[in-house]
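Have a look at data27.txt below; it lists compact mmCIF, C-alpha atoms.
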# COMPACT_ATOMS: atom_id res chain seq x y z
CA MET A 1 -30.34 -12.49 14.09
CA ILE A 2 -29.35 -11.75 10.49
CA ASN A 3 -30.08 -14.48 7.95
CA ILE A 4 -27.25 -14.76 5.42
CA GLU A 5 -26.96 -16.79 2.22
CA ILE A 6 -23.66 -17.10 0.32
CA LEU A 7 -23.97 -17.92 -3.37
CA GLY A 8 -20.97 -19.14 -5.39
CA LYS A 9 -18.55 -22.01 -5.93
CA PHE A 10 -17.10 -23.81 -2.91
CA PHE A 11 -15.61 -27.13 -3.99
CA ASP A 12 -12.62 -26.40 -6.25
CA ASN A 13 -9.15 -24.84 -5.84
CA HIS A 14 -9.90 -21.52 -7.49
CA SER A 15 -9.38 -18.40 -5.40
CA LEU A 16 -13.11 -17.63 -5.58
CA SER A 17 -13.95 -20.95 -3.90
CA ILE A 18 -11.21 -20.55 -1.29
CA ILE A 19 -12.58 -17.13 -0.37
CA ASN A 20 -16.18 -18.40 -0.26
CA ARG A 21 -15.23 -21.27 2.03
CA GLN A 22 -13.26 -19.14 4.43
CA VAL A 23 -15.82 -16.33 4.57
CA ALA A 24 -18.59 -18.88 5.20
CA PHE A 25 -16.69 -20.60 8.02
CA GLN A 26 -15.72 -17.35 9.70
CA LEU A 27 -19.15 -15.70 9.46
CA ASN A 28 -20.78 -18.89 10.75
CA LYS A 29 -18.94 -18.32 14.04
CA CYS A 30 -20.71 -14.99 14.60
CA LYS A 31 -23.59 -15.30 17.09
CA ASP A 32 -25.49 -12.54 15.28
CA PHE A 33 -25.71 -14.53 12.02
CA ASN A 34 -27.68 -17.52 10.81
CA LEU A 35 -25.88 -18.70 7.68
CA CYS A 36 -26.39 -21.06 4.78
CA ILE A 37 -24.59 -21.55 1.47
CA THR A 38 -25.93 -22.20 -2.04
CA PRO A 39 -23.13 -23.87 -4.05
CA LEU A 40 -23.01 -23.32 -7.80
CA ASP A 41 -20.80 -26.41 -8.17
CA ASN A 42 -20.62 -30.01 -6.98
CA ILE A 43 -18.15 -31.99 -4.92
CA ASN A 44 -15.30 -33.30 -7.06
CA PRO A 45 -12.69 -35.55 -5.39
CA ASP A 46 -10.08 -34.47 -7.98
CA TYR A 47 -9.75 -31.14 -6.16
CA GLN A 48 -8.48 -32.80 -2.97
CA ILE A 49 -10.49 -30.67 -0.58
CA GLU A 50 -10.09 -32.01 2.96
CA LYS A 51 -12.92 -34.26 4.14
CA ASN A 52 -13.60 -32.17 7.23
CA ILE A 53 -14.00 -29.09 5.00
CA ILE A 54 -16.43 -30.94 2.71
CA LYS A 55 -18.41 -32.02 5.77
CA LYS A 56 -18.68 -28.44 7.05
CA LEU A 57 -19.75 -27.18 3.63
CA LYS A 58 -22.41 -29.88 3.28
CA THR A 59 -23.78 -28.92 6.70
CA LEU A 60 -23.99 -25.25 5.69
CA ALA A 61 -25.59 -26.20 2.35
CA GLN A 62 -28.27 -28.18 4.18
CA ASN A 63 -28.89 -25.44 6.72
CA GLU A 64 -32.38 -24.02 6.19
CA LEU A 65 -32.90 -20.38 7.07
CA LYS A 66 -35.93 -19.88 9.29
CA GLN A 67 -36.86 -16.87 7.18
CA GLU A 68 -35.83 -15.53 3.81
CA ALA A 69 -32.30 -14.21 3.60
CA ASP A 70 -31.77 -10.69 4.91
CA VAL A 71 -28.44 -10.55 3.05
CA GLN A 72 -27.26 -12.59 0.10
CA ILE A 73 -23.53 -12.54 -0.65
CA ARG A 74 -22.64 -13.33 -4.27
CA HIS A 75 -19.11 -14.20 -5.31
CA SER A 76 -18.75 -15.84 -8.70
CA TYR A 77 -17.53 -15.27 -12.23
CA PRO A 78 -19.37 -14.14 -14.17
CA PRO A 79 -21.54 -12.32 -11.61
CA VAL A 80 -25.04 -13.69 -10.95
CA TRP A 81 -27.58 -11.00 -11.84
CA ASN A 82 -30.94 -12.70 -11.18
CA TRP A 83 -33.22 -11.11 -8.61
CA PRO A 84 -33.26 -12.57 -5.10
CA THR A 85 -36.38 -14.52 -4.10
CA SER A 86 -37.48 -11.86 -1.64
CA LYS A 87 -37.74 -8.11 -2.16
CA LYS A 88 -36.33 -7.52 1.30
CA THR A 89 -33.07 -9.39 0.60
CA LYS A 90 -30.05 -7.11 0.32
CA VAL A 91 -27.37 -8.20 -2.17
CA ILE A 92 -23.66 -7.84 -1.46
CA TYR A 93 -21.25 -8.68 -4.27
CA ILE A 94 -17.64 -9.71 -3.80
CA GLN A 95 -16.10 -9.15 -7.22
CA PRO A 96 -12.45 -9.40 -8.22
CA TRP A 97 -11.16 -7.69 -11.36
CA GLU A 98 -7.69 -7.22 -12.76
CA PHE A 99 -7.64 -4.87 -15.74
CA PRO A 100 -7.62 -1.03 -15.71
CA LYS A 101 -11.13 -0.83 -17.18
CA ILE A 102 -14.24 -2.67 -16.07
CA PRO A 103 -16.98 -4.01 -18.37
CA PHE A 104 -19.55 -1.27 -18.93
CA GLU A 105 -22.33 -3.70 -17.98
CA TRP A 106 -20.74 -4.14 -14.57
CA GLN A 107 -20.69 -0.42 -13.85
CA TYR A 108 -24.41 -0.15 -14.52
CA ARG A 109 -25.36 -3.40 -12.80
CA PHE A 110 -23.34 -2.85 -9.64
CA GLU A 111 -24.57 0.72 -9.44
CA ALA A 112 -28.26 -0.05 -10.00
CA PHE A 113 -28.63 -3.61 -8.70
CA ALA A 114 -26.14 -4.23 -5.88
CA ASP A 115 -26.63 -2.88 -2.39
CA THR A 116 -22.87 -3.02 -1.86
CA LEU A 117 -19.78 -4.11 -3.79
CA CYS A 118 -16.68 -5.46 -2.04
CA VAL A 119 -13.32 -5.64 -3.81
CA PRO A 120 -10.00 -6.98 -2.46
CA SER A 121 -7.78 -3.92 -2.90
CA ASN A 122 -7.88 -0.13 -3.03
CA TYR A 123 -6.05 -0.50 -6.35
CA GLU A 124 -9.11 -2.29 -7.69
CA ARG A 125 -11.54 0.04 -5.94
CA ASP A 126 -10.00 2.98 -7.78
CA ILE A 127 -10.56 1.18 -11.10
CA PHE A 128 -14.27 0.76 -10.36
CA ILE A 129 -14.61 4.38 -9.22
CA THR A 130 -12.82 5.63 -12.35
CA GLY A 131 -15.33 3.53 -14.31
CA GLY A 132 -18.25 5.41 -12.77
CA MET A 133 -19.13 3.51 -9.57
CA ASN A 134 -20.44 5.51 -6.63
CA PRO A 135 -17.61 5.48 -4.04
CA ASP A 136 -20.19 5.16 -1.24
CA LYS A 137 -21.28 1.75 -2.51
CA ILE A 138 -17.88 0.10 -2.82
CA PHE A 139 -15.73 -1.23 0.01
CA THR A 140 -12.24 -2.70 0.16
CA VAL A 141 -11.93 -6.01 2.00
CA PRO A 142 -8.59 -7.77 1.37
CA ASN A 143 -8.33 -11.47 0.67
CA GLY A 144 -7.09 -13.43 3.63
CA TYR A 145 -4.79 -16.35 4.28
CA ASP A 146 -4.96 -19.31 6.65
CA GLU A 147 -2.16 -18.77 9.14
CA THR A 148 -2.55 -22.33 10.47
CA ILE A 149 -1.31 -23.62 7.08
CA PHE A 150 0.69 -20.77 5.53
CA ASN A 151 3.34 -20.05 8.14
CA LEU A 152 7.00 -20.63 9.00
CA ASP A 153 6.37 -23.98 10.69
CA PRO A 154 8.52 -26.57 8.85
CA TYR A 155 5.88 -29.31 9.30
CA TRP A 156 5.00 -29.47 5.60
CA LYS A 157 8.52 -28.68 4.37
CA SER A 158 8.85 -31.35 1.69
CA TYR A 159 7.34 -32.02 -1.71
CA PRO A 160 7.93 -34.98 -4.05
CA GLY A 161 10.35 -34.20 -6.87
CA ILE A 162 11.50 -30.86 -5.45
CA ASP A 163 14.98 -30.60 -3.94
CA GLN A 164 14.69 -28.31 -0.94
CA ASN A 165 18.47 -27.89 -0.87
CA LYS A 166 18.27 -25.84 -4.07
CA TYR A 167 17.37 -22.18 -4.27
CA ASN A 168 13.87 -22.74 -5.57
CA PHE A 169 11.83 -19.99 -7.19
CA VAL A 170 8.07 -20.48 -7.55
CA PHE A 171 5.47 -19.01 -9.90
CA VAL A 172 1.77 -19.70 -9.31
CA GLY A 173 -0.68 -18.84 -12.03
CA ASN A 174 -1.40 -20.03 -15.55
CA GLY A 175 -0.62 -19.26 -19.17
CA GLN A 176 -2.91 -16.22 -19.36
CA TRP A 177 -1.27 -13.12 -20.78
CA ARG A 178 -1.99 -11.04 -17.69
CA LYS A 179 -0.03 -13.39 -15.41
CA GLY A 180 3.24 -12.73 -17.25
CA VAL A 181 4.65 -16.26 -17.34
CA ASP A 182 6.07 -15.50 -20.81
CA ILE A 183 8.07 -12.62 -19.32
CA LEU A 184 9.30 -14.92 -16.57
CA LEU A 185 10.41 -17.74 -18.86
CA ASN A 186 12.22 -15.36 -21.22
CA ALA A 187 14.08 -13.90 -18.25
CA TRP A 188 14.81 -17.30 -16.70
CA LYS A 189 16.43 -18.82 -19.79
CA ASP A 190 19.17 -16.15 -19.80
CA ALA A 191 19.44 -15.47 -16.06
CA VAL A 192 20.58 -18.85 -14.72
CA ALA A 193 22.20 -21.89 -16.30
CA LYS A 194 21.77 -25.62 -15.87
CA TYR A 195 24.77 -25.88 -13.55
CA ASP A 196 23.36 -23.27 -11.12
CA ASN A 197 21.96 -24.67 -7.90
CA CYS A 198 18.45 -23.36 -8.48
CA ALA A 199 15.15 -24.26 -10.10
CA ILE A 200 11.85 -22.62 -10.82
CA ILE A 201 8.54 -24.30 -10.06
CA ILE A 202 5.71 -23.33 -12.42
CA LYS A 203 2.38 -24.17 -10.76
CA ASP A 204 -0.30 -24.15 -13.46
CA ASN A 205 -4.02 -24.75 -12.94
CA PRO A 206 -5.50 -25.90 -16.26
CA SER A 207 -8.51 -27.55 -14.62
CA VAL A 208 -9.72 -24.07 -13.64
CA TYR A 209 -8.28 -21.78 -16.34
CA GLY A 210 -8.23 -24.19 -19.27
CA VAL A 211 -5.61 -26.29 -21.00
CA ASN A 212 -2.73 -24.38 -22.56
CA ASN A 213 0.57 -25.01 -24.31
CA LEU A 214 2.75 -24.03 -21.37
CA LEU A 215 4.29 -27.45 -20.76
CA ASN A 216 5.40 -27.81 -24.40
CA GLU A 217 6.93 -24.33 -24.31
CA ILE A 218 8.85 -25.20 -21.14
CA ILE A 219 10.21 -28.45 -22.61
CA LYS A 220 11.42 -26.62 -25.73
CA LEU A 221 12.92 -23.82 -23.66
CA GLN A 222 14.95 -26.16 -21.48
CA TYR A 223 16.13 -28.18 -24.48
CA LYS A 224 17.24 -25.16 -26.52
CA SER A 225 18.58 -22.75 -23.89
CA GLY A 226 20.35 -24.91 -21.32
CA CYS A 227 18.74 -22.90 -18.53
CA ALA A 228 18.41 -23.94 -14.91
CA ASP A 229 15.75 -26.53 -14.07
CA ILE A 230 12.08 -25.78 -14.61
CA ILE A 231 9.59 -27.95 -12.72
CA TYR A 232 6.08 -27.89 -14.15
CA LEU A 233 3.13 -28.88 -11.95
CA ASP A 234 -0.49 -28.93 -13.06
CA ASP A 235 -2.07 -31.19 -10.43
CA ASN A 236 -4.95 -30.05 -8.25
CA LEU A 237 -3.27 -29.46 -4.91
CA SER A 238 -4.62 -28.96 -1.42
CA ALA A 239 -3.75 -25.90 0.66
CA GLU A 240 -1.30 -28.03 2.63
CA GLN A 241 0.44 -29.15 -0.55
CA MET A 242 0.69 -25.56 -1.77
CA ALA A 243 2.20 -24.61 1.59
CA SER A 244 4.75 -27.40 1.11
CA ILE A 245 5.79 -25.94 -2.24
CA TYR A 246 6.24 -22.49 -0.70
CA LYS A 247 8.19 -23.92 2.21
CA VAL A 248 10.70 -25.72 -0.03
CA SER A 249 11.13 -22.51 -2.02
CA LYS A 250 13.12 -19.36 -1.33
CA PHE A 251 11.43 -16.95 -3.74
CA ILE A 252 7.96 -16.16 -5.10
CA ILE A 253 7.94 -14.47 -8.53
CA HIS A 254 4.81 -12.85 -9.93
CA PRO A 255 5.64 -10.60 -12.94
CA TYR A 256 2.01 -9.82 -13.73
CA ARG A 257 0.62 -7.33 -16.22
CA ALA A 258 -2.78 -7.13 -14.52
CA GLU A 259 -3.83 -8.29 -11.06
CA GLY A 260 -6.52 -7.48 -8.51
CA PHE A 261 -4.80 -8.76 -5.35
CA GLY A 262 -2.43 -11.76 -5.48
CA MET A 263 -3.54 -14.27 -2.84
CA HIS A 264 -0.73 -16.70 -3.56
CA VAL A 265 1.88 -13.97 -3.02
CA GLN A 266 0.49 -13.35 0.45
CA GLU A 267 0.46 -17.07 1.23
CA ALA A 268 4.01 -17.57 -0.06
CA VAL A 269 5.40 -14.63 1.92
CA ALA A 270 3.66 -16.03 5.02
CA CYS A 271 5.72 -19.19 4.41
CA GLY A 272 8.94 -17.17 4.18
CA CYS A 273 9.32 -16.73 0.42
CA PHE A 274 11.21 -13.66 -0.76
CA PRO A 275 8.90 -11.75 -3.19
CA ILE A 276 9.98 -10.54 -6.63
CA LEU A 277 7.15 -8.34 -7.87
CA PRO A 278 6.37 -5.40 -10.19
CA ASN A 279 7.17 -1.96 -8.81
CA LYS A 280 3.48 -1.02 -8.61
CA GLY A 281 0.27 -2.89 -8.04
CA PRO A 282 -2.18 -4.14 -5.39
CA HIS A 283 0.49 -6.19 -3.61
CA ASP A 284 1.82 -2.94 -2.13
CA GLU A 285 -1.23 -2.93 0.16
CA PHE A 286 -0.17 -6.08 2.04
CA ILE A 287 3.55 -6.54 1.27
CA PRO A 288 5.72 -3.65 2.57
CA LYS A 289 7.53 -1.88 -0.28
CA ASP A 290 10.92 -2.46 1.32
CA VAL A 291 10.38 -6.22 1.38
CA GLY A 292 11.70 -8.18 -1.60
CA ILE A 293 12.69 -6.87 -5.01
CA ARG A 294 10.49 -4.70 -7.22
CA ILE A 295 10.83 -5.07 -10.99
CA GLU A 296 10.68 -1.97 -13.13
CA THR A 297 7.58 -1.69 -15.33
CA GLN A 298 6.79 0.21 -18.50
CA SER A 299 3.42 1.63 -19.45
CA LYS A 300 2.08 -0.17 -22.49
CA MET A 301 -1.11 0.43 -24.47
CA VAL A 302 -3.13 -2.70 -25.25
CA ASP A 303 -6.46 -3.50 -26.88
CA ILE A 304 -8.45 -4.87 -23.97
CA THR A 305 -10.96 -6.47 -26.35
CA ASN A 306 -8.25 -8.61 -27.96
CA PRO A 307 -9.16 -12.26 -27.24
CA GLU A 308 -5.53 -12.95 -26.34
CA MET A 309 -5.95 -10.62 -23.35
CA PHE A 310 -8.69 -12.92 -22.02
CA ALA A 311 -10.24 -9.88 -20.33
CA LEU A 312 -13.72 -9.45 -21.80
CA LYS A 313 -16.44 -11.54 -23.36
CA PRO A 314 -16.98 -11.00 -27.11
CA GLY A 315 -19.11 -7.92 -27.63
CA ASP A 316 -18.46 -6.38 -24.20
CA ALA A 317 -18.00 -2.64 -24.00
CA THR A 318 -15.76 -1.10 -21.34
CA THR A 319 -16.08 1.91 -19.12
CA LEU A 320 -14.84 5.12 -20.78
CA MET A 321 -16.11 3.44 -23.99
CA SER A 322 -12.86 2.69 -25.80
CA THR A 323 -11.09 -0.54 -26.65
CA HIS A 324 -7.61 0.42 -25.46
CA THR A 325 -6.07 0.92 -22.05
CA PHE A 326 -2.64 1.15 -20.43
CA ILE A 327 -1.11 -1.66 -18.41
CA ASN A 328 2.16 -1.75 -16.47
CA GLU A 329 4.28 -4.48 -18.02
CA PRO A 330 7.32 -5.76 -16.09
CA VAL A 331 10.54 -5.21 -18.01
CA MET A 332 12.00 -8.61 -18.86
CA GLU A 333 15.63 -7.45 -18.66
CA HIS A 334 15.07 -6.05 -15.18
CA LEU A 335 13.46 -9.31 -14.05
CA LYS A 336 16.47 -11.19 -15.44
CA GLY A 337 18.76 -8.86 -13.50
CA ALA A 338 16.71 -9.34 -10.32
CA ILE A 339 17.00 -13.13 -10.54
CA GLN A 340 20.74 -12.92 -11.12
CA HIS A 341 21.24 -10.35 -8.37
CA ILE A 342 19.45 -12.30 -5.68
CA TYR A 343 20.84 -15.70 -6.69
CA HIS A 344 24.44 -14.48 -6.85
CA HIS A 345 24.17 -12.22 -3.79
CA HIS A 346 27.13 -12.97 -1.50
CA GLU A 347 24.88 -12.99 1.59
CA LYS A 348 21.65 -14.12 -0.01
CA ASP A 349 20.60 -16.33 2.91
CA LYS A 350 20.67 -13.39 5.33
CA PHE A 351 18.98 -11.24 2.70
CA ILE A 352 16.19 -13.76 2.19
CA ASP A 353 15.67 -14.42 5.91
CA LYS A 354 14.53 -10.84 6.47
CA VAL A 355 11.20 -11.83 4.93
CA LYS A 356 10.54 -14.00 7.98
CA GLU A 357 10.21 -10.82 10.04
CA VAL A 358 7.24 -9.59 7.97
CA LYS A 359 3.95 -9.55 9.88
CA LEU A 360 0.99 -10.07 7.57
CA GLU A 361 -2.29 -8.75 8.92
CA ASN A 362 -4.84 -10.34 6.59
CA THR A 363 -5.68 -13.51 8.46
CA TRP A 364 -9.19 -14.72 7.65
CA THR A 365 -10.24 -13.86 11.20
CA ASN A 366 -9.19 -10.23 10.73
CA VAL A 367 -10.62 -10.02 7.21
CA CYS A 368 -14.03 -11.33 8.21
CA VAL A 369 -14.39 -8.74 10.96
CA LYS A 370 -14.65 -6.26 8.08
CA TYR A 371 -17.25 -8.41 6.34
CA GLU A 372 -19.26 -8.59 9.56
CA GLU A 373 -19.33 -4.79 9.81
CA ILE A 374 -20.44 -4.40 6.20
CA ILE A 375 -23.16 -7.07 6.51
CA LYS A 376 -24.61 -5.50 9.66
CA ASN A 377 -24.59 -2.07 8.03
CA VAL A 378 -26.30 -3.31 4.85
CA ALA A 379 -28.85 -5.46 6.70
CA LYS A 380 -30.32 -2.51 8.60
CA ARG A 381 -30.77 -0.30 5.55
CA VAL A 382 -34.36 0.47 4.61
CA GLY A 383 -35.42 -0.46 1.06
CA THR A 384 -33.20 -1.60 -1.79
CA GLN A 385 -31.72 0.17 -4.78
CA ARG A 386 -33.44 -2.33 -7.06
CA ASP A 387 -36.87 -0.93 -6.15
CA TYR A 388 -36.08 2.23 -8.08
CA ILE A 389 -35.28 0.64 -11.43
CA ARG A 390 -38.37 -1.52 -11.91

Output the structure of this file as C-alpha cells.
Amino acid sequence: MINIEILGKFFDNHSLSIINRQVAFQLNKCKDFNLCITPLDNINPDYQIEKNIIKKLKTLAQNELKQEADVQIRHSYPPVWNWPTSKKTKVIYIQPWEFPKIPFEWQYRFEAFADTLCVPSNYERDIFITGGMNPDKIFTVPNGYDETIFNLDPYWKSYPGIDQNKYNFVFVGNGQWRKGVDILLNAWKDAVAKYDNCAIIIKDNPSVYGVNNLLNEIIKLQYKSGCADIIYLDDNLSAEQMASIYKVSKFIIHPYRAEGFGMHVQEAVACGCFPILPNKGPHDEFIPKDVGIRIETQSKMVDITNPEMFALKPGDATTLMSTHTFINEPVMEHLKGAIQHIYHHHEKDKFIDKVKEVKLENTWTNVCVKYEEIIKNVAKRVGTQRDYIR
C-alpha cells in the first residue's frame, strides 16, 4: 500500500483546483493507494462546488495516513518548496506554465528538489527541457475532462440570458495579456454586425485572476462599433453551468499568446463546439489539426519581465538569462476573417457538426492511469534527490 498526500487548492473554480479534485477522486479508487489531501484553501459557497464533491473532499482531508506519506503530490501556484515532514517522502510536482521561458528558480528547484515533475503537454515539457531540466525527471500527463458533464447530451442545453437559437461563440479566460481577449474583441467589432444572428460570450473569472477593466471595455466597444452582441459573464459557475454555456454555443475561440494546455477548449469541444485556435500550440496534442479553424500567428519578441505580461514575479530571472523571448501572436485580421468565414459559410451547420465526430481521449479515468504509473515508479525509488543538496 502506497501512502499518498495531495497538497494544493481544492475548493474553487480554478483549473488547479479542478485538477486536484479529479486526481484525488480517481487515485482514491486505486486499491494500491491510501490517500489523503491537505487543502491550502477553505470551503467557500460562492464557488458553487457541488455538495457531494465537498463531502468527498472533507472525507479525504480527514483521512489520516497510517504512516508518513510515501509520495506527496504538490500542485499549486506558486509552487510549495518546504521540505516534507519525512525524509522518505518522495515529492511529485504537477506544474503548469505558459510562457516560452521558465523562471530560473524553477529550473534549479525542480532539478534539485523534486523527485519528478509532471506537466500537461509535450509543448510545455519542451520549454522546461530547453530551460535546463533533466528530461528523465519530467513527464507529460495531459489535463482531463469529465465526460459525464462535458458531452453531447442536451440535458444542460440552456443558460439564462443566452439565446441558443443564435450562433454563439464563447471565450473562456480573463483579461490577462496572454489570453488574447484584446485580439478577439478587435476582430469581433469588425467581423460581425449588430443585425447578424450571432453573439459572443466572454466568460471572465475575476475572483481567481483579479478584477480588471474588461466589462467597461466591452460596453464601450458595443456602443461605438455597432458590433454583434457581446455577453459578459463573471459569476463563479459550476462545471454543469459551464457545460450549459458550451452546449448553447457553436464555437469556442481561444486566440492565446501563451498557453500550457487549454482545459476549457477540450471541455468545449467535448460538448460539440467548433474550435477556432492559433495554428500552433499545445492544443494540437488533443484536438486533431484538421478539426476547426487555425488562425495564423506571427512571431513577436516581448519582454517577459514586463508587468503587463503577468508572467514573472518582480526580480525573477528566467532560464537562458535574458529578459526577452518570442511568442506566437494570433493575427487579428486572420481571426476576423475566420469568424466571418465560418459565420457566413453556406453550409455552416454541416461544417460545425463534424466536430461531434471527434473522440477525445483525455477522460480523467485515462489520465489518472498515467499518474498511477508515475506514482508507483517514484514510490519504489531508493533515496531522494534532496539528500544530495543538504

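Of the listed residues (A:Asp196, A:Glu147, A:Glu329, A:Asp136), A:Asp196 comes nearest to Tyr343 in chain A; the distances count all atoms listed in the file.
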
How big is the axis-aligned box around the listed atoms of range 333-340 of chain A once 8 Å is added on each side, and where is its centre? Give both in Å to one decimal, as lines of an AutoDock Vina configuration file.
center_x = 17.1
center_y = -9.6
center_z = -14.5
size_x = 23.3
size_y = 23.1
size_z = 24.3

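Nearest residue to Ile102 in chain A among A:Gly260, A:Gly8, A:Gly131, A:Pro307 is A:Gly131, counting all atoms listed in the file.
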
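Comparing A:Lys189, A:Lys88, A:Lys203, A:Arg21 by their smallest distance to Met332 in chain A, the closest is A:Lys189 (using all atoms listed in the file).
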
Exercise. Which is closer to Leu214 in chain A than all the others in A:Asp182, A:Asp284, A:Asp290, A:Glu357, using only C-alpha atoms?
Worked result: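 So, comparing all the options, the nearest one is A:Asp182.
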